[in-house]
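Coordinates as given in work.txt (compact mmCIF, C-alpha atoms):
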```
# COMPACT_ATOMS: atom_id res chain seq x y z
CA MET U 278 -102.93 30.81 2.29
CA ASN U 279 -106.12 31.25 0.30
CA GLY U 280 -108.19 33.24 2.79
CA PRO U 281 -108.04 35.45 5.88
CA LEU U 282 -106.33 34.11 9.00
CA LEU U 283 -107.68 34.46 12.54
CA VAL U 284 -104.97 34.68 15.26
CA ILE U 285 -105.63 34.68 19.01
CA ALA U 286 -103.00 35.33 21.69
CA GLY U 287 -104.02 36.01 25.28
CA GLU U 288 -100.88 36.67 27.32
CA ASP U 289 -97.62 38.59 27.09
CA SER U 290 -95.64 35.50 26.10
CA GLY U 291 -98.25 34.67 23.45
CA ASP U 292 -97.99 38.20 22.09
CA LEU U 293 -94.21 37.79 21.87
CA HIS U 294 -94.41 34.44 20.05
CA GLY U 295 -97.28 35.68 17.89
CA ALA U 296 -95.35 38.73 16.70
CA GLU U 297 -92.53 36.52 15.41
CA LEU U 298 -94.99 34.29 13.58
CA LEU U 299 -96.90 37.17 12.01
CA ARG U 300 -93.71 38.93 10.96
CA GLU U 301 -92.67 35.77 9.11
CA LEU U 302 -96.14 35.34 7.59
CA LYS U 303 -96.30 38.91 6.29
CA ALA U 304 -92.78 38.65 4.90
CA ARG U 305 -93.64 35.53 2.93
CA GLN U 306 -97.23 36.43 2.00
CA PRO U 307 -97.69 40.23 2.30
CA GLU U 308 -101.22 40.17 0.89
CA LEU U 309 -102.49 37.82 3.61
CA ARG U 310 -105.28 39.40 5.68
CA ILE U 311 -104.83 38.74 9.41
CA VAL U 312 -107.51 39.47 12.01
CA GLY U 313 -107.53 38.65 15.69
CA VAL U 314 -106.45 39.36 19.25
CA GLY U 315 -102.94 40.35 20.25
CA GLY U 316 -100.86 42.77 22.27
CA SER U 317 -98.60 45.67 21.34
CA ARG U 318 -96.07 43.46 19.54
CA MET U 319 -98.64 41.74 17.31
CA SER U 320 -100.71 44.86 16.59
CA PRO U 321 -98.60 46.16 13.65
CA PHE U 322 -99.26 42.90 11.78
CA LEU U 323 -103.02 42.73 12.37
CA ASP U 324 -105.16 44.12 9.57
CA ARG U 325 -108.10 44.08 11.96
CA LYS U 326 -107.63 43.96 15.72
CA LEU U 327 -110.65 42.48 17.49
CA ALA U 328 -109.36 43.04 21.04
CA ASP U 329 -106.16 43.48 23.01
CA ALA U 330 -104.40 40.53 24.64
CA ARG U 331 -104.81 42.31 27.97
CA ASP U 332 -108.56 41.64 27.72
CA LEU U 333 -107.75 37.93 28.07
CA ALA U 334 -105.03 38.26 30.73
CA VAL U 335 -107.12 36.89 33.59
CA VAL U 336 -105.38 34.64 36.15
CA GLY U 337 -106.96 32.77 39.04
CA PHE U 338 -110.33 31.09 39.58
CA VAL U 339 -111.98 34.09 41.24
CA GLU U 340 -110.74 36.49 38.57
CA VAL U 341 -111.99 34.23 35.78
CA ILE U 342 -115.47 34.06 37.36
CA LYS U 343 -115.48 37.84 37.76
CA HIS U 344 -114.57 38.42 34.11
CA LEU U 345 -116.63 35.57 32.67
CA PRO U 346 -119.37 37.77 31.12
CA ALA U 347 -116.76 39.88 29.32
CA LEU U 348 -114.93 36.75 28.10
CA ILE U 349 -118.18 35.30 26.77
CA ARG U 350 -118.95 38.54 24.92
CA LEU U 351 -115.45 38.56 23.45
CA LYS U 352 -115.79 34.95 22.30
CA ARG U 353 -119.07 35.79 20.55
CA ALA U 354 -117.49 38.83 18.89
CA ILE U 355 -114.58 36.75 17.62
CA LEU U 356 -116.90 34.09 16.21
CA ALA U 357 -118.98 36.77 14.47
CA ALA U 358 -115.86 38.38 13.01
CA ALA U 359 -114.54 35.00 11.84
CA ALA U 360 -117.78 34.38 9.94
CA ALA U 361 -117.93 37.91 8.50
CA GLU U 362 -114.30 37.77 7.34
CA GLY U 363 -114.69 34.31 5.85
CA ILE U 364 -111.54 33.00 7.53
CA THR U 365 -110.06 29.77 6.20
CA ASP U 366 -107.60 29.17 9.05
CA ALA U 367 -107.30 29.97 12.76
CA LEU U 368 -104.05 30.04 14.72
CA PHE U 369 -104.29 29.86 18.52
CA ILE U 370 -101.19 30.85 20.48
CA ASP U 371 -100.90 29.30 23.95
CA TYR U 372 -103.68 30.44 26.38
CA PRO U 373 -105.39 27.01 26.24
CA GLY U 374 -108.48 27.61 28.40
CA PHE U 375 -110.02 30.30 26.20
CA ASN U 376 -108.49 29.11 22.94
CA LEU U 377 -109.65 25.51 23.25
CA SER U 378 -113.21 26.65 23.94
CA LEU U 379 -113.02 28.95 20.92
CA ALA U 380 -111.57 26.18 18.75
CA LYS U 381 -114.44 23.83 19.61
CA ALA U 382 -116.98 26.55 18.78
CA LEU U 383 -115.30 27.25 15.44
CA ARG U 384 -115.18 23.54 14.63
CA ALA U 385 -118.95 23.32 15.25
CA ARG U 386 -119.93 26.51 13.38
CA MET U 387 -117.34 26.61 10.58
CA PRO U 388 -116.21 22.99 10.06
CA SER U 389 -114.16 23.78 6.96
CA VAL U 390 -111.84 26.16 8.85
CA ARG U 391 -108.42 24.63 9.58
CA LEU U 392 -107.48 24.99 13.26
CA HIS U 393 -103.86 25.28 14.42
CA GLN U 394 -102.38 25.67 17.92
CA TYR U 395 -98.88 27.03 18.59
CA VAL U 396 -97.50 25.96 21.99
CA CYS U 397 -98.91 22.71 23.31
CA PRO U 398 -100.76 23.15 26.63
CA GLN U 399 -98.89 21.46 29.50
CA VAL U 400 -101.22 18.46 29.47
CA TRP U 401 -98.27 16.30 30.49
CA ALA U 402 -98.32 18.07 33.89
CA TRP U 403 -102.03 18.51 34.54
CA LYS U 404 -105.42 18.34 32.81
CA LYS U 405 -104.51 15.22 30.83
CA GLY U 406 -108.20 14.98 30.07
CA ARG U 407 -107.64 17.71 27.48
CA ILE U 408 -105.52 15.40 25.30
CA PRO U 409 -108.50 13.76 23.50
CA THR U 410 -110.20 17.14 22.99
CA LEU U 411 -107.06 18.71 21.54
CA GLY U 412 -106.35 15.61 19.46
CA ARG U 413 -109.81 15.58 17.88
CA THR U 414 -110.51 19.33 17.60
CA LEU U 415 -107.28 20.69 16.10
CA ASP U 416 -105.81 20.08 12.67
CA THR U 417 -102.26 20.99 13.71
CA LEU U 418 -100.48 21.27 17.06
CA TYR U 419 -97.04 22.90 16.99
CA CYS U 420 -95.06 21.64 19.99
CA LEU U 421 -92.11 23.34 21.70
CA PHE U 422 -90.86 20.21 23.46
CA ASP U 423 -89.79 17.08 21.60
CA PHE U 424 -91.63 14.70 23.96
CA GLU U 425 -95.05 16.29 23.37
CA PRO U 426 -96.05 14.84 19.94
CA ASP U 427 -96.06 11.29 21.35
CA LEU U 428 -98.91 12.28 23.68
CA PHE U 429 -101.21 12.64 20.67
CA LYS U 430 -100.50 9.40 18.84
CA GLY U 431 -103.74 7.78 17.74
CA TYR U 432 -105.54 11.11 17.30
CA PRO U 433 -106.13 12.82 13.94
CA VAL U 434 -104.25 16.01 14.94
CA ASP U 435 -100.88 16.56 13.26
CA ALA U 436 -98.76 17.12 16.40
CA ARG U 437 -95.23 18.11 15.43
CA PHE U 438 -92.13 19.35 17.22
CA VAL U 439 -90.96 22.71 15.84
CA GLY U 440 -88.34 23.68 18.44
CA HIS U 441 -88.35 26.18 21.28
CA PRO U 442 -88.13 29.94 20.59
CA LEU U 443 -85.97 30.41 23.71
CA VAL U 444 -83.08 28.84 21.81
CA GLU U 445 -82.62 32.00 19.76
CA VAL U 446 -83.62 34.45 22.49
CA VAL U 447 -81.38 33.37 25.37
CA LYS U 448 -78.01 35.05 24.99
CA PRO U 449 -75.98 37.49 27.14
CA GLU U 450 -76.95 41.14 26.77
CA CYS U 451 -73.27 42.21 26.69
CA ASP U 452 -69.78 40.70 26.83
CA ARG U 453 -68.16 39.47 30.04
CA ASP U 454 -65.92 42.46 30.66
CA ALA U 455 -68.77 44.91 30.16
CA PHE U 456 -71.03 42.95 32.49
CA PHE U 457 -68.53 42.82 35.35
CA ALA U 458 -67.82 46.52 34.92
CA ARG U 459 -71.52 47.47 34.94
CA ALA U 460 -72.20 45.27 37.97
CA GLY U 461 -69.14 46.53 39.87
CA LEU U 462 -67.72 43.00 40.19
CA ASP U 463 -64.19 41.56 40.10
CA LEU U 464 -63.38 39.57 36.97
CA ASP U 465 -60.97 37.32 38.85
CA ARG U 466 -63.30 36.13 41.63
CA PRO U 467 -65.97 33.40 41.50
CA LEU U 468 -69.54 34.60 40.93
CA VAL U 469 -72.87 33.17 42.07
CA ALA U 470 -76.16 34.38 40.54
CA LEU U 471 -79.34 34.46 42.61
CA LEU U 472 -82.73 34.30 40.87
CA PRO U 473 -85.50 34.25 43.49
CA GLY U 474 -88.29 34.65 40.92
CA SER U 475 -90.27 37.42 39.26
CA ARG U 476 -93.25 37.45 41.64
CA MET U 477 -93.31 38.93 45.13
CA GLY U 478 -94.53 35.68 46.66
CA GLU U 479 -91.54 33.79 45.27
CA VAL U 480 -89.13 36.40 46.57
CA VAL U 481 -90.66 36.31 50.06
CA SER U 482 -90.22 32.51 50.18
CA LEU U 483 -86.86 32.08 48.47
CA LEU U 484 -84.73 35.18 48.98
CA PRO U 485 -84.30 35.05 52.80
CA PRO U 486 -82.34 31.75 52.79
CA MET U 487 -80.35 32.94 49.76
CA ALA U 488 -79.47 36.16 51.58
CA GLU U 489 -78.49 34.28 54.73
CA LEU U 490 -76.23 32.03 52.68
CA ALA U 491 -74.52 35.05 51.10
CA ARG U 492 -73.93 36.55 54.57
CA ARG U 493 -72.52 33.25 55.85
CA TRP U 494 -70.18 32.89 52.90
CA ALA U 495 -69.04 36.49 53.29
CA ARG U 496 -67.40 35.25 56.50
CA GLU U 497 -66.38 31.75 55.39
CA ARG U 498 -65.65 32.20 51.65
CA PRO U 499 -65.21 35.94 51.11
CA GLU U 500 -63.69 35.39 47.64
CA VAL U 501 -67.15 34.49 46.25
CA GLN U 502 -69.22 37.32 44.74
CA TRP U 503 -72.99 37.46 44.43
CA VAL U 504 -75.26 39.04 41.83
CA LEU U 505 -79.05 39.24 41.56
CA PRO U 506 -80.71 40.33 38.29
CA VAL U 507 -83.88 42.16 39.32
CA ALA U 508 -86.93 41.05 37.32
CA SER U 509 -88.72 43.85 35.45
CA THR U 510 -91.85 43.04 37.48
CA LEU U 511 -90.16 43.88 40.80
CA ASP U 512 -88.92 47.02 42.55
CA PRO U 513 -85.18 46.91 43.43
CA ALA U 514 -86.04 48.49 46.80
CA PHE U 515 -88.29 45.50 47.56
CA ILE U 516 -85.42 43.13 46.77
CA ARG U 517 -82.93 45.14 48.81
CA ALA U 518 -85.25 45.03 51.84
CA TYR U 519 -85.17 41.22 51.80
CA LEU U 520 -81.40 41.10 51.20
CA GLY U 521 -80.63 43.24 54.23
CA THR U 522 -76.86 43.26 54.80
CA ALA U 523 -76.15 40.43 52.34
CA PRO U 524 -73.30 41.49 49.98
CA VAL U 525 -75.26 41.01 46.75
CA ALA U 526 -74.94 43.28 43.70
CA LEU U 527 -78.27 44.15 42.06
CA VAL U 528 -78.43 44.59 38.29
CA GLU U 529 -81.29 45.44 35.94
CA GLY U 530 -81.68 44.46 32.31
CA LEU U 531 -78.91 41.85 32.51
CA ALA U 532 -80.80 38.68 33.40
CA TYR U 533 -79.00 36.50 30.85
CA ALA U 534 -75.52 37.96 31.32
CA SER U 535 -75.83 37.49 35.10
CA ARG U 536 -76.16 33.74 34.61
CA ALA U 537 -73.99 33.32 31.54
CA TYR U 538 -70.93 34.72 33.35
CA ALA U 539 -71.68 33.19 36.77
CA ASP U 540 -69.93 30.06 37.96
CA ALA U 541 -73.14 28.77 39.56
CA ALA U 542 -76.71 29.89 40.22
CA LEU U 543 -79.65 29.32 42.55
CA VAL U 544 -82.85 29.61 40.50
CA ALA U 545 -86.58 29.69 41.24
CA SER U 546 -88.52 27.00 39.41
CA GLY U 547 -90.01 28.08 36.08
CA THR U 548 -88.85 29.18 32.64
CA ALA U 549 -85.71 30.63 34.28
CA THR U 550 -84.43 27.08 34.80
CA LEU U 551 -84.70 26.39 31.07
CA GLU U 552 -82.90 29.66 30.31
CA THR U 553 -80.12 28.88 32.79
CA ALA U 554 -79.63 25.43 31.27
CA LEU U 555 -79.36 26.99 27.80
CA LEU U 556 -76.70 29.36 29.14
CA GLY U 557 -74.76 26.34 30.44
CA THR U 558 -74.43 27.56 34.03
CA PRO U 559 -74.55 24.91 36.79
CA PHE U 560 -77.57 25.62 38.99
CA ALA U 561 -79.89 24.31 41.66
CA LEU U 562 -83.65 24.70 41.35
CA LEU U 563 -85.68 26.07 44.28
CA TYR U 564 -89.41 25.49 44.69
CA LYS U 565 -91.48 26.44 47.73
CA LEU U 566 -95.24 26.89 48.05
CA ASN U 567 -97.70 27.26 50.86
CA PRO U 568 -97.77 23.74 52.43
CA LEU U 569 -101.48 23.24 51.73
CA THR U 570 -101.10 24.42 48.12
CA TYR U 571 -98.12 22.09 47.67
CA GLN U 572 -100.04 19.06 48.95
CA MET U 573 -102.95 19.86 46.62
CA ALA U 574 -100.58 20.31 43.68
CA LYS U 575 -98.92 16.94 44.37
CA ARG U 576 -102.29 15.25 43.93
CA VAL U 577 -102.87 16.86 40.55
CA VAL U 578 -99.37 17.01 39.04
CA LYS U 579 -97.75 13.62 38.48
CA LEU U 580 -94.29 14.26 37.11
CA PRO U 581 -90.84 12.77 37.79
CA HIS U 582 -89.35 16.26 38.11
CA ILE U 583 -90.50 19.80 38.92
CA GLY U 584 -87.99 21.70 36.76
CA LEU U 585 -88.50 22.20 33.03
CA ALA U 586 -84.79 21.63 32.41
CA ASN U 587 -84.97 18.21 34.07
CA LEU U 588 -88.19 17.29 32.28
CA VAL U 589 -86.66 18.15 28.93
CA ALA U 590 -83.46 16.20 29.67
CA ARG U 591 -85.49 13.23 31.00
CA ARG U 592 -83.23 13.14 34.06
CA GLU U 593 -82.05 15.39 36.87
CA VAL U 594 -79.39 17.65 35.38
CA ALA U 595 -80.04 20.26 38.09
CA PRO U 596 -80.77 19.37 41.73
CA GLU U 597 -84.28 20.22 42.91
CA LEU U 598 -84.69 21.63 46.40
CA LEU U 599 -88.37 21.44 47.30
CA GLN U 600 -90.33 22.89 50.20
CA GLY U 601 -88.46 22.13 53.46
CA GLU U 602 -85.20 21.62 51.59
CA VAL U 603 -85.11 25.33 50.77
CA LYS U 604 -82.92 26.19 53.76
CA VAL U 605 -79.44 27.56 54.23
CA GLU U 606 -77.78 24.23 55.01
CA ARG U 607 -79.02 22.56 51.80
CA LEU U 608 -78.26 25.61 49.67
CA ASP U 609 -74.75 25.62 51.11
CA GLN U 610 -74.28 21.92 50.33
CA GLU U 611 -75.50 22.17 46.73
CA LEU U 612 -73.64 25.37 45.97
CA ARG U 613 -70.34 23.89 47.14
CA ARG U 614 -70.89 20.98 44.75
CA LEU U 615 -71.85 23.27 41.86
CA LEU U 616 -68.66 25.30 42.36
CA ASP U 617 -66.41 22.24 42.63
CA PRO U 618 -64.12 22.23 39.55
CA ALA U 619 -64.16 18.42 39.57
CA GLU U 620 -67.96 18.38 39.23
CA ALA U 621 -68.39 21.14 36.65
CA PRO U 622 -67.66 19.15 33.43
CA ALA U 623 -70.31 16.51 34.18
CA ILE U 624 -72.84 19.16 35.20
CA ARG U 625 -72.29 21.19 32.03
CA ALA U 626 -72.54 18.05 29.88
CA GLY U 627 -75.95 17.38 31.42
CA LEU U 628 -77.10 20.91 30.69
CA ALA U 629 -76.00 20.51 27.07
CA GLU U 630 -78.56 17.68 26.79
CA VAL U 631 -81.30 20.23 27.44
CA ARG U 632 -80.07 22.36 24.56
CA ARG U 633 -80.09 19.37 22.18
CA HIS U 634 -83.68 18.50 23.08
CA LEU U 635 -84.95 22.02 22.28
CA GLY U 636 -84.13 21.97 18.58
CA GLU U 637 -82.42 24.48 16.34
CA PRO U 638 -83.18 28.21 16.06
CA GLY U 639 -86.02 29.20 13.73
CA ALA U 640 -89.17 27.81 15.39
CA ALA U 641 -91.35 30.62 14.00
CA GLY U 642 -90.05 30.08 10.49
CA ARG U 643 -90.78 26.36 10.64
CA VAL U 644 -94.35 26.98 11.82
CA VAL U 645 -94.99 29.49 9.04
CA ALA U 646 -93.43 27.25 6.38
CA HIS U 647 -95.68 24.38 7.44
CA LEU U 648 -98.77 26.58 7.58
CA LEU U 649 -98.18 27.88 4.07
CA ALA U 650 -97.33 24.43 2.72
CA ARG U 651 -100.66 23.11 4.04
CA ASN U 652 -102.49 26.15 2.67
CA PRO U 653 -101.02 27.11 -0.71
```
Give the structure from the file, written as structure tokens.
Amino acid sequence: MNGPLLVIAGEDSGDLHGAELLRELKARQPELRIVGVGGSRMSPFLDRKLADARDLAVVGFVEVIKHLPALIRLKRAILAAAAAEGITDALFIDYPGFNLSLAKALRARMPSVRLHQYVCPQVWAWKKGRIPTLGRTLDTLYCLFDFEPDLFKGYPVDARFVGHPLVEVVKPECDRDAFFARAGLDLDRPLVALLPGSRMGEVVSLLPPMAELARRWARERPEVQWVLPVASTLDPAFIRAYLGTAPVALVEGLAYASRAYADAALVASGTATLETALLGTPFALLYKLNPLTYQMAKRVVKLPHIGLANLVARREVAPELLQGEVKVERLDQELRRLLDPAEAPAIRAGLAEVRRHLGEPGAAGRVVAHLLARNP
């Protein structure tokens, strides 16, 4: 690369992905000057840090309005720094709202700067109106899902599939024997993993029917064990309060092992479904919102499936229990099917399709190799 690089990441996940990219960049081109915005993981690789990613971590309409003056000042500071540094390239990592606005400003003020985006915004779910803007503003769009490049056919942007970084991240934290010992579980009994989400609102909606199911099965199928990996964002005491007398073992720091060694799982919609598919564990997806919010979302989001795993596979490889279906009777029905030895081979074969669609390990390396090849 023949000039300084501007990098902008605005969330924790962007900081994580950005650190891997910058580590690769510095390893291959140590003299490269990198300026920009990142969190604690990216900071060691930034020669000049313009702001912390936390300054951009604003979620929700009201919060964005409240912080708008600060975001505008930050945008101006970044543009001024880009001009002063004489950057030749800019790399935007996720965080599409702020980054797309910044990209358009850079394109207008510094038209010779090459603009690259890592992680395609989910325009296939909502805000499809952004497709033309992305397609005409960016030089390169590095996509994590193999169906995304087709969305940008006919636009000058080079949209390319580079693979998903989860492929190399998702692996059990310890071996099976160690996990069962740490969780206080019996190696010879079936195990079900419960993942009610990482936010309190998700737990309040999804954990009560899960807990009731565990209590019911304690009477009807006492051989089945239950484990719940507590998300780092939640207090175990909060989880325990919603479990009540349900016989569920709580574990911390073992989110992947809990699913990898389980015979089946019940999982809140989100990235956790993609992780569970990569681990090969049969699971059902649970999704429940406030009824009004759900009806509004249905008008905006037009997708054949809710779950990322099903979207990636292009078919339902995991059953989706939505809204009123999130009740004990339906959970019982799906869990019995997931634990049926006659059903397991077909279910696991479907989950393997997800893995094939996410590419091989080394997404960060492929992005960096392409960046440097375009900018010798």
### Task
Enter the distance from CA of Arg331 (chain U) to CA of Arg318 (chain U), in Å, rounded to one decimal.
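Interatomic distance, CA of Arg331 (chain U) to CA of Arg318 (chain U): 12.2 Å.
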Identify the residues around (-69.4, 25.5, 42.0) within a radius of 10 Å, measuring from only C-alpha atoms in the coordinates stated by the file, and give them as a CSV table (one decimal) with C-alpha atoms, in the coordinates of the input.
```
chain,number,residue,atom,x,y,z
U,467,PRO,CA,-66.0,33.4,41.5
U,468,LEU,CA,-69.5,34.6,40.9
U,469,VAL,CA,-72.9,33.2,42.1
U,539,ALA,CA,-71.7,33.2,36.8
U,540,ASP,CA,-69.9,30.1,38.0
U,541,ALA,CA,-73.1,28.8,39.6
U,542,ALA,CA,-76.7,29.9,40.2
U,558,THR,CA,-74.4,27.6,34.0
U,559,PRO,CA,-74.6,24.9,36.8
U,560,PHE,CA,-77.6,25.6,39.0
U,611,GLU,CA,-75.5,22.2,46.7
U,612,LEU,CA,-73.6,25.4,46.0
U,613,ARG,CA,-70.3,23.9,47.1
U,614,ARG,CA,-70.9,21.0,44.8
U,615,LEU,CA,-71.8,23.3,41.9
U,616,LEU,CA,-68.7,25.3,42.4
U,617,ASP,CA,-66.4,22.2,42.6
U,618,PRO,CA,-64.1,22.2,39.6
U,619,ALA,CA,-64.2,18.4,39.6
U,620,GLU,CA,-68.0,18.4,39.2
U,621,ALA,CA,-68.4,21.1,36.6
U,624,ILE,CA,-72.8,19.2,35.2
```
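When all atoms listed in the file are used to measure the gap to Asp452 (chain U), the shortest distance among U:Leu531, U:Leu356, U:Leu588, U:Leu649 belongs to U:Leu531.
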I'd like the neighbourhood of Leu421 (chain U) as an mmCIF file with C-alpha atoms, keeping the file's coordinate frame, where a residue qualifies if any of its atoms comes within 8 Å (using only C-alpha atoms), though same-chain residues fewer than 3 positions away should be ignored.
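Once everything was written out, this is selection.cif:
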```
data_model
loop_
_atom_site.group_PDB
_atom_site.id
_atom_site.type_symbol
_atom_site.label_atom_id
_atom_site.label_comp_id
_atom_site.auth_asym_id
_atom_site.auth_seq_id
_atom_site.Cartn_x
_atom_site.Cartn_y
_atom_site.Cartn_z
ATOM 1 C CA VAL U 396 -97.500 25.960 21.990
ATOM 2 C CA CYS U 397 -98.910 22.710 23.310
ATOM 3 C CA GLU U 425 -95.050 16.290 23.370
ATOM 4 C CA PHE U 438 -92.130 19.350 17.220
ATOM 5 C CA VAL U 439 -90.960 22.710 15.840
ATOM 6 C CA GLY U 440 -88.340 23.680 18.440
ATOM 7 C CA HIS U 441 -88.350 26.180 21.280
ATOM 8 C CA PRO U 442 -88.130 29.940 20.590
ATOM 9 C CA LEU U 635 -84.950 22.020 22.280
#
```
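For the choices U:Leu471, U:Leu428, U:Ala330, U:Ala640, the atom-to-atom distance to Glu297 (chain U) is smallest for U:Ala640 when using only C-alpha atoms.
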### Proximity to Ala436 (chain U) - best of U:Tyr538, U:Phe515, U:Trp503, U:Tyr419, all atoms listed in the file
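Of all the options, U:Tyr419 lies closest to Ala436 (chain U).
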## Note on the structure
A straight line from CA of Gly374 (chain U) to CA of Asp427 (chain U) spans 21.7 Å
### Query
Hey, which of U:Tyr519, U:Trp401, U:Tyr432, U:Tyr395 ends up closest to Pro473 (chain U)? Count only C-alpha atoms.
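Of U:Tyr519, U:Trp401, U:Tyr432, U:Tyr395, the one nearest Pro473 (chain U), counting only C-alpha atoms, is U:Tyr519.
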### From U:Leu608, U:Ala354, U:Leu628, U:Ile311, residue lying nearest Ala595 (chain U) [all atoms listed in the file]
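Going through U:Leu608, U:Ala354, U:Leu628, U:Ile311 one by one, the smallest distance to Ala595 (chain U) is for U:Leu628.
Atom to atom, CA of Glu445 (chain U) and CA of Phe369 (chain U) stand 21.8 Å apart.
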### Message
For a quick check of understanding, using all atoms listed in the file, which of U:Ala626, U:Leu345, U:Ala508, U:Leu283 has the smallest distance to Thr365 (chain U)?
### Response
U:Leu283
Give me the residues within 8 Å of region 376-391 of chain U as a short mmCIF file (atom, residue, chain, number, x, y, z; two decimals) with C-alpha atoms, keeping the file's coordinate frame, counting all atoms listed in the file and dropping any in the same chain fewer than 3 places off.
```
data_model
loop_
_atom_site.label_atom_id
_atom_site.label_comp_id
_atom_site.auth_asym_id
_atom_site.auth_seq_id
_atom_site.Cartn_x
_atom_site.Cartn_y
_atom_site.Cartn_z
CA ILE U 285 -105.63 34.68 19.01
CA LYS U 352 -115.79 34.95 22.30
CA LEU U 356 -116.90 34.09 16.21
CA ALA U 360 -117.78 34.38 9.94
CA ILE U 364 -111.54 33.00 7.53
CA THR U 365 -110.06 29.77 6.20
CA ASP U 366 -107.60 29.17 9.05
CA ALA U 367 -107.30 29.97 12.76
CA PHE U 369 -104.29 29.86 18.52
CA ILE U 370 -101.19 30.85 20.48
CA ASP U 371 -100.90 29.30 23.95
CA TYR U 372 -103.68 30.44 26.38
CA PRO U 373 -105.39 27.01 26.24
CA LEU U 411 -107.06 18.71 21.54
CA THR U 414 -110.51 19.33 17.60
CA LEU U 415 -107.28 20.69 16.10
CA ASP U 416 -105.81 20.08 12.67
#
```
Could you please give me, as a tab-separated table (two decimals) with C-alpha atoms, keeping the file's coordinate frame, the residues of protein, DNA or RNA lying at most 12 Å from (-74.4, 41.8, 42.7) in the coordinate frame of the file, considering all atoms listed in the file?
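Okay, part.tsv is ready:
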```
chain	number	residue	atom	x	y	z
U	456	PHE	CA	-71.03	42.95	32.49
U	457	PHE	CA	-68.53	42.82	35.35
U	458	ALA	CA	-67.82	46.52	34.92
U	459	ARG	CA	-71.52	47.47	34.94
U	460	ALA	CA	-72.20	45.27	37.97
U	461	GLY	CA	-69.14	46.53	39.87
U	462	LEU	CA	-67.72	43.00	40.19
U	463	ASP	CA	-64.19	41.56	40.10
U	467	PRO	CA	-65.97	33.40	41.50
U	468	LEU	CA	-69.54	34.60	40.93
U	469	VAL	CA	-72.87	33.17	42.07
U	470	ALA	CA	-76.16	34.38	40.54
U	471	LEU	CA	-79.34	34.46	42.61
U	472	LEU	CA	-82.73	34.30	40.87
U	488	ALA	CA	-79.47	36.16	51.58
U	491	ALA	CA	-74.52	35.05	51.10
U	501	VAL	CA	-67.15	34.49	46.25
U	502	GLN	CA	-69.22	37.32	44.74
U	503	TRP	CA	-72.99	37.46	44.43
U	504	VAL	CA	-75.26	39.04	41.83
U	505	LEU	CA	-79.05	39.24	41.56
U	506	PRO	CA	-80.71	40.33	38.29
U	507	VAL	CA	-83.88	42.16	39.32
U	513	PRO	CA	-85.18	46.91	43.43
U	516	ILE	CA	-85.42	43.13	46.77
U	517	ARG	CA	-82.93	45.14	48.81
U	520	LEU	CA	-81.40	41.10	51.20
U	523	ALA	CA	-76.15	40.43	52.34
U	524	PRO	CA	-73.30	41.49	49.98
U	525	VAL	CA	-75.26	41.01	46.75
U	526	ALA	CA	-74.94	43.28	43.70
U	527	LEU	CA	-78.27	44.15	42.06
U	528	VAL	CA	-78.43	44.59	38.29
U	529	GLU	CA	-81.29	45.44	35.94
U	531	LEU	CA	-78.91	41.85	32.51
U	532	ALA	CA	-80.80	38.68	33.40
U	535	SER	CA	-75.83	37.49	35.10
U	536	ARG	CA	-76.16	33.74	34.61
U	539	ALA	CA	-71.68	33.19	36.77
```
Any chance you could turn region 427-440 of chain U into a file with C-alpha atoms, as a tab-separated table (two decimals), in the first residue's frame?
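The result, stored in decode33.tsv:
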```
chain	number	residue	atom	x	y	z
U	427	ASP	CA	-25.05	-11.15	-6.29
U	428	LEU	CA	-26.95	-8.24	-4.73
U	429	PHE	CA	-24.45	-5.81	-6.26
U	430	LYS	CA	-24.33	-7.08	-9.82
U	431	GLY	CA	-24.54	-4.18	-12.25
U	432	TYR	CA	-22.79	-1.75	-9.88
U	433	PRO	CA	-19.13	-0.73	-10.16
U	434	VAL	CA	-18.23	-1.99	-6.65
U	435	ASP	CA	-16.10	-5.13	-6.50
U	436	ALA	CA	-18.30	-7.21	-4.15
U	437	ARG	CA	-16.54	-10.45	-3.24
U	438	PHE	CA	-17.12	-13.31	-0.83
U	439	VAL	CA	-14.16	-13.76	1.55
U	440	GLY	CA	-15.64	-16.23	4.06
```
